[in-house]
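Raw target_5.txt, compact mmCIF, C-alpha atoms:
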```
# COMPACT_ATOMS: atom_id res chain seq x y z
CA MET A 1 160.36 151.82 27.20
CA GLN A 2 163.16 152.10 24.69
CA LEU A 3 165.60 150.46 27.11
CA SER A 4 163.19 147.56 27.68
CA PHE A 5 162.80 147.11 23.95
CA THR A 6 166.59 147.06 23.52
CA PHE A 7 166.99 144.36 26.19
CA HIS A 8 164.25 142.35 24.50
CA ILE A 9 166.08 142.50 21.16
CA ILE A 10 169.35 141.44 22.78
CA PHE A 11 167.64 138.56 24.60
CA ARG A 12 166.03 137.31 21.37
CA PHE A 13 169.39 137.59 19.58
CA LEU A 14 171.13 135.51 22.25
CA GLN A 15 168.27 133.01 22.31
CA VAL A 16 168.38 132.50 18.54
CA ASN A 17 172.16 132.21 18.48
CA CYS A 18 172.13 129.80 21.40
CA PHE A 19 169.65 127.63 19.52
CA TYR A 20 171.86 127.84 16.41
CA PHE A 21 174.94 126.85 18.44
CA LEU A 22 173.16 123.83 19.95
CA PHE A 23 171.90 122.81 16.50
CA VAL A 24 175.39 122.99 14.98
CA LYS A 25 176.88 121.12 17.96
CA SER A 26 174.29 118.35 17.61
CA LEU A 27 174.90 118.15 13.87
CA PHE A 28 178.64 117.75 14.39
CA ALA A 29 177.99 115.04 16.99
CA ILE A 30 175.81 113.10 14.53
CA VAL A 31 178.39 113.42 11.75
CA PHE A 32 181.15 112.29 14.13
CA LEU A 33 179.17 109.20 15.17
CA LEU A 34 178.47 108.30 11.55
CA PHE A 35 182.13 108.79 10.65
CA ALA A 36 183.24 106.67 13.63
CA SER A 37 180.82 103.96 12.55
CA VAL A 38 182.33 103.93 9.05
CA LEU A 39 185.84 103.73 10.47
CA GLU A 40 184.84 100.83 12.68
CA ALA A 41 183.38 98.97 9.71
CA GLN A 42 186.56 99.50 7.67
CA ASP A 43 188.75 98.50 10.59
CA LEU A 44 188.27 94.79 9.91
CA ASN A 45 190.68 95.03 6.97
CA GLY A 46 193.96 93.29 7.67
CA TYR A 47 195.42 90.08 9.07
CA TRP A 48 193.66 87.68 11.45
CA THR A 49 195.10 84.48 12.88
CA GLY A 50 193.99 81.53 14.98
CA ARG A 51 193.82 77.75 15.16
CA LEU A 52 191.17 75.19 14.47
CA SER A 53 190.69 71.58 15.52
CA MET A 54 190.72 69.10 12.64
CA PRO A 55 190.97 65.48 13.87
CA GLY A 56 192.88 63.32 11.41
CA GLY A 57 194.01 66.36 9.43
CA CYS A 58 197.21 66.67 7.44
CA PHE A 59 198.98 69.02 9.84
CA GLY A 60 199.95 68.48 13.45
CA VAL A 61 198.92 72.08 14.11
CA ASN A 62 196.17 73.71 12.04
CA ASN A 63 196.95 77.43 11.89
CA ILE A 64 194.63 79.77 10.01
CA GLU A 65 195.48 83.22 8.67
CA LEU A 66 192.82 85.34 6.95
CA GLN A 67 193.86 88.38 4.93
CA LEU A 68 190.68 90.46 4.61
CA HIS A 69 189.70 93.40 2.42
CA ILE A 70 186.25 94.89 3.00
CA ARG A 71 184.42 97.22 0.61
CA GLY A 72 180.97 98.05 1.95
CA THR A 73 179.27 94.70 2.49
CA THR A 74 181.66 92.76 0.23
CA VAL A 75 184.64 90.84 1.60
CA PHE A 76 187.49 89.38 -0.44
CA GLY A 77 191.03 88.23 0.25
CA ASP A 78 193.15 85.16 0.92
CA SER A 79 193.19 82.40 3.51
CA TYR A 80 196.14 80.33 4.64
CA HIS A 81 195.75 76.92 6.32
CA TYR A 82 199.22 75.95 7.48
CA GLU A 83 201.44 74.08 9.89
CA ASN A 84 204.33 76.47 9.24
CA VAL A 85 205.42 78.72 6.36
CA ASN A 86 206.84 75.70 4.52
CA TYR A 87 203.70 73.54 4.64
CA TYR A 88 200.51 75.39 3.76
CA VAL A 89 197.49 75.77 1.49
CA LYS A 90 196.54 79.22 0.19
CA LYS A 91 193.05 79.93 -1.17
CA LYS A 92 191.03 82.86 -2.47
CA LEU A 93 188.01 83.76 -0.36
CA ASN A 94 184.99 86.02 -0.58
CA GLY A 95 181.98 86.77 1.55
CA THR A 96 179.74 89.39 3.13
CA TYR A 97 179.93 91.73 6.12
CA ASP A 98 177.00 93.20 8.05
CA SER A 99 178.26 96.27 9.92
CA SER A 100 175.08 96.53 12.04
CA THR A 101 175.58 93.06 13.55
CA LYS A 102 179.36 92.90 13.00
CA LYS A 103 178.97 89.48 11.39
CA LEU A 104 181.01 88.03 8.53
CA VAL A 105 180.24 85.02 6.36
CA LEU A 106 183.31 83.92 4.41
CA HIS A 107 183.70 81.22 1.76
CA GLU A 108 186.98 79.82 0.46
CA GLU A 109 186.81 79.60 -3.34
CA TYR A 110 189.76 77.90 -5.03
CA VAL A 111 193.33 76.94 -4.21
CA THR A 112 196.03 79.29 -5.53
CA THR A 113 199.08 77.70 -3.89
CA PHE A 114 199.81 74.61 -1.84
CA HIS A 115 202.86 72.84 -0.49
CA ILE A 116 201.75 69.74 1.38
CA PRO A 117 202.50 65.98 1.37
CA ASN A 118 200.86 64.01 -1.45
CA SER A 119 198.78 62.05 1.04
CA CYS A 120 196.97 65.17 2.28
CA THR A 121 193.49 66.25 1.26
CA ILE A 122 192.42 69.90 1.06
CA CYS A 123 189.38 71.24 2.90
CA ILE A 124 187.47 74.13 1.32
CA LYS A 125 186.06 75.96 4.33
CA ASN A 126 183.30 78.39 5.30
CA PHE A 127 183.62 80.75 8.27
CA TYR A 128 180.77 82.30 10.28
CA LEU A 129 182.33 85.01 12.43
CA THR A 130 181.40 87.92 14.71
CA TYR A 131 183.69 90.85 15.49
CA SER A 132 184.40 91.86 19.09
CA LYS A 133 186.89 94.02 20.96
CA GLU A 134 188.26 93.65 24.49
CA GLY A 135 190.42 96.62 25.39
CA LYS A 136 193.05 96.83 22.67
CA LEU A 137 192.52 93.22 21.53
CA GLU A 138 190.27 92.47 18.55
CA PHE A 139 188.70 89.13 17.70
CA LEU A 140 186.67 87.32 15.06
CA GLU A 141 184.90 84.42 16.72
CA GLY A 142 182.41 81.83 15.57
CA SER A 143 182.33 78.51 13.74
CA TRP A 144 183.48 76.86 10.53
CA ASP A 145 182.61 73.94 8.30
CA GLY A 146 183.79 72.67 4.94
CA LYS A 147 183.96 70.06 2.19
CA ILE A 148 186.90 68.01 0.97
CA MET A 149 187.98 69.50 -2.36
CA ASN A 150 186.42 67.84 -5.43
CA THR A 151 184.09 65.73 -3.28
CA GLY A 152 180.82 66.24 -1.45
CA MET A 153 182.28 64.88 1.78
CA ASP A 154 182.36 66.92 4.97
CA CYS A 155 185.88 67.55 6.20
CA SER A 156 184.97 68.75 9.69
CA THR A 157 183.27 71.48 11.67
CA GLY A 158 183.87 73.32 14.92
CA PRO A 159 184.52 76.60 16.73
CA ILE A 160 187.23 79.09 15.80
CA LYS A 161 188.61 82.29 17.32
CA LEU A 162 190.89 84.63 15.39
CA SER A 163 192.79 87.65 16.69
CA ARG A 164 194.11 90.62 14.75
CA ILE A 165 197.83 90.68 13.98
CA LYS A 166 199.93 93.44 12.43
CA GLU A 167 201.92 91.34 9.95
CA SER A 168 201.44 88.14 7.99
CA ALA A 169 203.31 85.03 9.05
CA PHE A 170 204.38 84.79 5.39
CA LYS A 171 205.81 88.32 5.10
CA GLU A 172 209.43 87.14 4.87
CA ILE A 173 208.72 84.88 1.89
CA PRO A 174 207.36 87.09 -0.90
CA GLU A 175 205.21 85.60 -3.64
CA VAL A 176 205.17 86.60 -7.27
CA ALA A 177 201.90 85.68 -9.01
CA VAL A 178 202.30 84.90 -12.71
CA ASP A 179 200.37 83.50 -15.64
CA THR A 180 201.55 80.37 -17.46
CA GLY A 181 204.75 80.48 -19.50
CA THR A 182 208.52 80.55 -19.15
CA ILE A 183 209.78 82.73 -16.29
CA ARG A 184 213.31 84.10 -16.40
CA LEU A 185 215.34 84.62 -13.21
CA ASP A 186 218.40 86.91 -13.32
CA PHE A 187 220.65 87.23 -10.25
CA TYR A 188 223.02 90.23 -10.00
CA ASP A 189 225.31 91.51 -7.29
CA ASN A 190 223.23 94.04 -5.38
CA ALA A 191 225.88 96.63 -4.62
CA THR A 192 229.67 96.61 -4.70
CA ILE A 193 230.97 93.51 -6.44
CA ASP A 194 232.74 91.88 -3.50
CA GLY A 195 233.07 88.19 -4.38
CA ASP A 196 229.65 86.95 -3.24
CA SER A 197 229.06 83.38 -4.41
CA ILE A 198 225.59 81.75 -4.46
CA THR A 199 223.86 78.45 -5.01
CA VAL A 200 220.24 78.50 -6.19
CA ARG A 201 217.70 75.76 -5.64
CA VAL A 202 214.28 75.49 -7.30
CA ASN A 203 211.90 73.22 -5.40
CA LYS A 204 214.94 71.79 -3.54
CA ASN A 205 216.79 70.97 -6.79
CA VAL A 206 220.09 72.75 -7.44
CA VAL A 207 219.97 74.78 -10.69
CA VAL A 208 222.92 77.13 -10.01
CA SER A 209 225.98 75.93 -8.09
CA ARG A 210 228.67 78.13 -6.53
CA GLN A 211 228.62 80.97 -9.04
CA LEU A 212 229.99 84.45 -8.41
CA LEU A 213 227.59 87.38 -8.50
CA SER A 214 228.61 90.23 -10.78
CA ALA A 215 227.22 92.95 -13.05
CA LYS A 216 226.34 90.21 -15.55
CA PRO A 217 223.35 88.07 -14.61
CA ILE A 218 223.35 84.49 -13.47
CA THR A 219 220.30 83.25 -15.39
CA THR A 220 217.96 80.32 -14.94
CA TYR A 221 214.38 79.59 -16.03
CA VAL A 222 211.23 77.95 -14.69
CA THR A 223 208.17 76.98 -16.72
CA VAL A 224 204.78 77.60 -15.15
CA ASP A 225 201.81 75.61 -16.46
CA LEU A 226 198.67 74.00 -15.08
CA GLY A 227 200.70 70.99 -14.00
CA ASN A 228 203.45 73.09 -12.37
CA THR A 229 201.87 75.94 -10.43
CA PHE A 230 204.35 76.39 -7.56
CA PHE A 231 208.07 77.14 -7.52
CA GLU A 232 210.12 77.82 -4.41
CA ILE A 233 213.29 79.72 -5.26
CA GLU A 234 215.99 79.56 -2.59
CA MET A 235 219.28 81.47 -2.69
CA LEU A 236 222.02 80.07 -0.45
CA ALA A 237 225.19 81.93 0.46
CA ASP A 238 228.35 79.99 -0.38
CA ASN A 239 230.32 82.80 1.26
CA LEU A 240 229.74 86.33 2.55
CA GLY A 241 232.17 88.09 0.20
CA THR A 242 234.34 90.87 1.55
CA ILE A 243 231.30 92.91 2.68
CA PRO A 244 228.81 90.70 4.60
CA PRO A 245 226.08 89.63 4.21
CA ASN A 246 225.61 88.00 0.81
CA THR A 247 223.22 90.22 -1.17
CA ALA A 248 221.72 89.93 -4.63
CA LEU A 249 219.27 91.68 -6.92
CA LEU A 250 216.84 89.24 -8.49
CA ILE A 251 214.96 90.36 -11.60
CA ILE A 252 212.03 88.14 -12.56
CA THR A 253 210.76 88.46 -16.13
CA ALA A 254 207.27 87.04 -16.74
CA GLY A 255 206.11 87.90 -20.24
CA THR A 256 206.08 91.71 -20.50
CA LYS A 257 206.28 92.21 -16.72
CA LYS A 258 209.38 92.55 -14.59
CA TYR A 259 209.74 92.32 -10.82
CA GLN A 260 212.76 93.32 -8.74
CA LEU A 261 213.55 91.76 -5.38
CA PHE A 262 216.51 92.35 -3.09
CA LEU A 263 217.70 89.14 -1.44
CA THR A 264 219.94 88.72 1.59
CA SER A 265 221.40 85.43 2.80
CA THR A 266 223.93 84.36 5.40
CA LYS A 267 225.69 81.13 6.26
CA THR A 268 222.78 80.22 8.57
CA LYS A 269 219.76 81.67 6.74
CA SER A 270 218.90 81.48 3.05
CA ALA A 271 216.74 83.90 1.06
CA MET A 272 213.53 82.53 -0.39
CA ILE A 273 210.73 83.61 -2.74
CA ARG A 274 207.80 81.76 -4.28
CA ILE A 275 206.48 81.93 -7.82
CA VAL A 276 202.84 80.88 -8.01
CA TYR A 277 200.32 80.54 -10.79
CA ASP A 278 197.30 82.83 -10.53
CA LYS A 279 195.05 83.12 -13.55
CA GLU A 280 193.50 86.38 -12.31
CA LYS A 281 196.26 88.25 -10.53
CA HIS A 282 199.76 88.62 -11.93
CA SER A 283 201.66 90.75 -9.44
CA PHE A 284 204.12 90.98 -6.57
CA LEU A 285 202.23 89.98 -3.40
```
Turn this file's structure into structure tokens for me.
Amino acid sequence: MQLSFTFHIIFRFLQVNCFYFLFVKSLFAIVFLLFASVLEAQDLNGYWTGRLSMPGGCFGVNNIELQLHIRGTTVFGDSYHYENVNYYVKKKLNGTYDSSTKKLVLHEEYVTTFHIPNSCTICIKNFYLTYSKEGKLEFLEGSWDGKIMNTGMDCSTGPIKLSRIKESAFKEIPEVAVDTGTIRLDFYDNATIDGDSITVRVNKNVVVSRQLLSAKPITTYVTVDLGNTFFEIEMLADNLGTIPPNTALLIITAGTKKYQLFLTSTKTKSAMIRIVYDKEKHSFL
């Protein structure tokens, strides 16, 4: 009798612990699925690129790059509509994301930077996209429409398919966002003073010609206002010094803020940065 009672106690102990183990295992599985769902929702952050058809548009090729940041159901970021990195329109965008349907609705807001021919018109677009994944490839696919800026006229509509990319097409041309005012540019030799000589152009106009880099700055200025919101700074190598390539430290002073950039140029490739007006965001992009 006592032995039977002992076996009964042991059986009940194992039964209870087995139930507890299954409960904990199920709980961990639920938490893991919820966590994976959150990760999947956040995974849309980043760079997405594709092309759209725009008959009669400004560019021969209409490339689109969306730089997305998602916080819950809110989406914000930047959009680039460009032929290449020299001819483009950059806009702020916002929108919403529904993680249950994997759908995004994005609206371009206002233009922050543009470098296009004077004859071009700018289309402010809306995107209606759905996320999908095929193996390791990720896509945002759907449609778009838009209005010509400052008019009520439709610019076009059509399908669009974007794929995820690791880096922006504009990564080699940094942008410094500033408020209005006078911006100071100081060029120094980056390392050992080895006879590097540079020419600097601002919006294709020469402002510094064949000057030697040293511990003392080569200084020039640009004035940013509502009529002058974009400056392309290009540093050309007149020579490579005694220690190639031609390198410089550029310090940009915008009001109380300073930005440091290290520039490298050769006889075949110049270094370039862009200074753009942004009333909300004054930073190194």
List the neighbours of range 243-246 of chain A out to 8 Å using all atoms listed in the file; skip same-chain residues closer than 6 positions along the sequence, and give me the result as a list of chain:residue names. A:Asp194, A:Asp196, A:Ser197, A:Ala237, A:Thr264, A:Ser265, A:Thr266
Could you please take those selected residues and save C-alpha atoms as a short mmCIF file (atom, residue, chain, number, x, y, z; two decimals), in the coordinates of the input?
```cif
data_model
loop_
_atom_site.label_atom_id
_atom_site.label_comp_id
_atom_site.auth_asym_id
_atom_site.auth_seq_id
_atom_site.Cartn_x
_atom_site.Cartn_y
_atom_site.Cartn_z
CA ASP A 194 232.74 91.88 -3.50
CA ASP A 196 229.65 86.95 -3.24
CA SER A 197 229.06 83.38 -4.41
CA ALA A 237 225.19 81.93 0.46
CA THR A 264 219.94 88.72 1.59
CA SER A 265 221.40 85.43 2.80
CA THR A 266 223.93 84.36 5.40
#
```
Using only C-alpha atoms, which residue out of A:Gln260, A:Ser214, A:Ser99, A:Asn203 lies closest to Ile233 in chain A?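 Of the candidates, the smallest distance to Ile233 in chain A is held by A:Asn203.
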Neighbouring residues of range 101-116 of chain A were defined as those with any atom within 6 Å, considering all atoms listed in the file; residues of the same chain fewer than 6 positions away were excluded. Please report them as a list of chain:residue names.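 Final neighbour list, sorted by chain and number: A:Tyr87, A:Tyr88, A:Val89, A:Lys90, A:Lys91, A:Lys92, A:Leu93, A:Asn94, A:Gly95, A:Ile124, A:Lys125, A:Asn126, A:Phe127, A:Tyr128, A:Leu129, A:Thr130, A:Tyr131.
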Measure the distance from CA of Phe139 in chain A to CA of Leu66 in chain A in Å and round it to one decimal. 12.1 Å
Which residues are close to Ile122 in chain A, i.e. within 9 Å by all atoms listed in the file, leaving aside same-chain residues fewer than 3 positions away? Reply as a PyMOL selection string. chain A and resi 58+89+111+147-149+155
Need to verify the contact set: Tyr221 in chain A, 10 Å, all atoms listed in the file, exclusion of same-chain residues closer than 5 positions in sequence. Can you return it as a list of chain:residue names?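 What passes the distance filter is A:Thr182, A:Ile183, A:Arg184, A:Leu185, A:Asp186, A:Val202, A:Val207, A:Ile252, A:Thr253.
Taking CA of Glu83 in chain A and CA of Val206 in chain A as endpoints, the distance between them is 25.5 Å.
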With distances taken over all atoms listed in the file, the candidate from A:Val178, A:Asn45, A:Asn118, A:Asn205 nearest Lys258 in chain A is A:Val178
I'd like to know which of A:Leu44, A:Val276, A:Gly57, A:Arg210 is closest to Cys120 in chain A, using only C-alpha atoms. A:Gly57
Figure out the distance between CA of Ser119 in chain A and CA of Tyr277 in chain A, please, to one decimal in Å.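 Straight-line distance from CA of Tyr277 in chain A to CA of Ser119 in chain A works out to 22.0 Å.
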Is it possible to get the residues within 7 Å of (207.6, 75.2, -6.9) (coordinates as in the file, counting all atoms listed in the file) written as a compact mmCIF listing (two decimals) with C-alpha atoms, in the coordinates of the input?
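Contents of selection_20.txt, freshly written:
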```txt
# COMPACT_ATOMS: atom_id res chain seq x y z
CA VAL A 202 214.28 75.49 -7.30
CA ASN A 203 211.90 73.22 -5.40
CA THR A 229 201.87 75.94 -10.43
CA PHE A 230 204.35 76.39 -7.56
CA PHE A 231 208.07 77.14 -7.52
CA GLU A 232 210.12 77.82 -4.41
CA ILE A 275 206.48 81.93 -7.82
```
Calculated over all atoms listed in the file, which of the candidates A:Thr157, A:Thr242, A:Asn150, A:Asn228 has the smallest distance to Gly195 in chain A? A:Thr242
Smallest atom-to-atom distance to Ile173 in chain A: which of A:Leu261, A:Ile64, A:Ile70, A:Gly50, using all atoms listed in the file?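 Comparing A:Leu261, A:Ile64, A:Ile70, A:Gly50 against Ile173 in chain A, the winner is A:Leu261.
Nearest to Gly46 in chain A of all the residues A:Ala191, A:Leu140, A:Ile165, A:Ala248 is A:Ile165, counting only C-alpha atoms.
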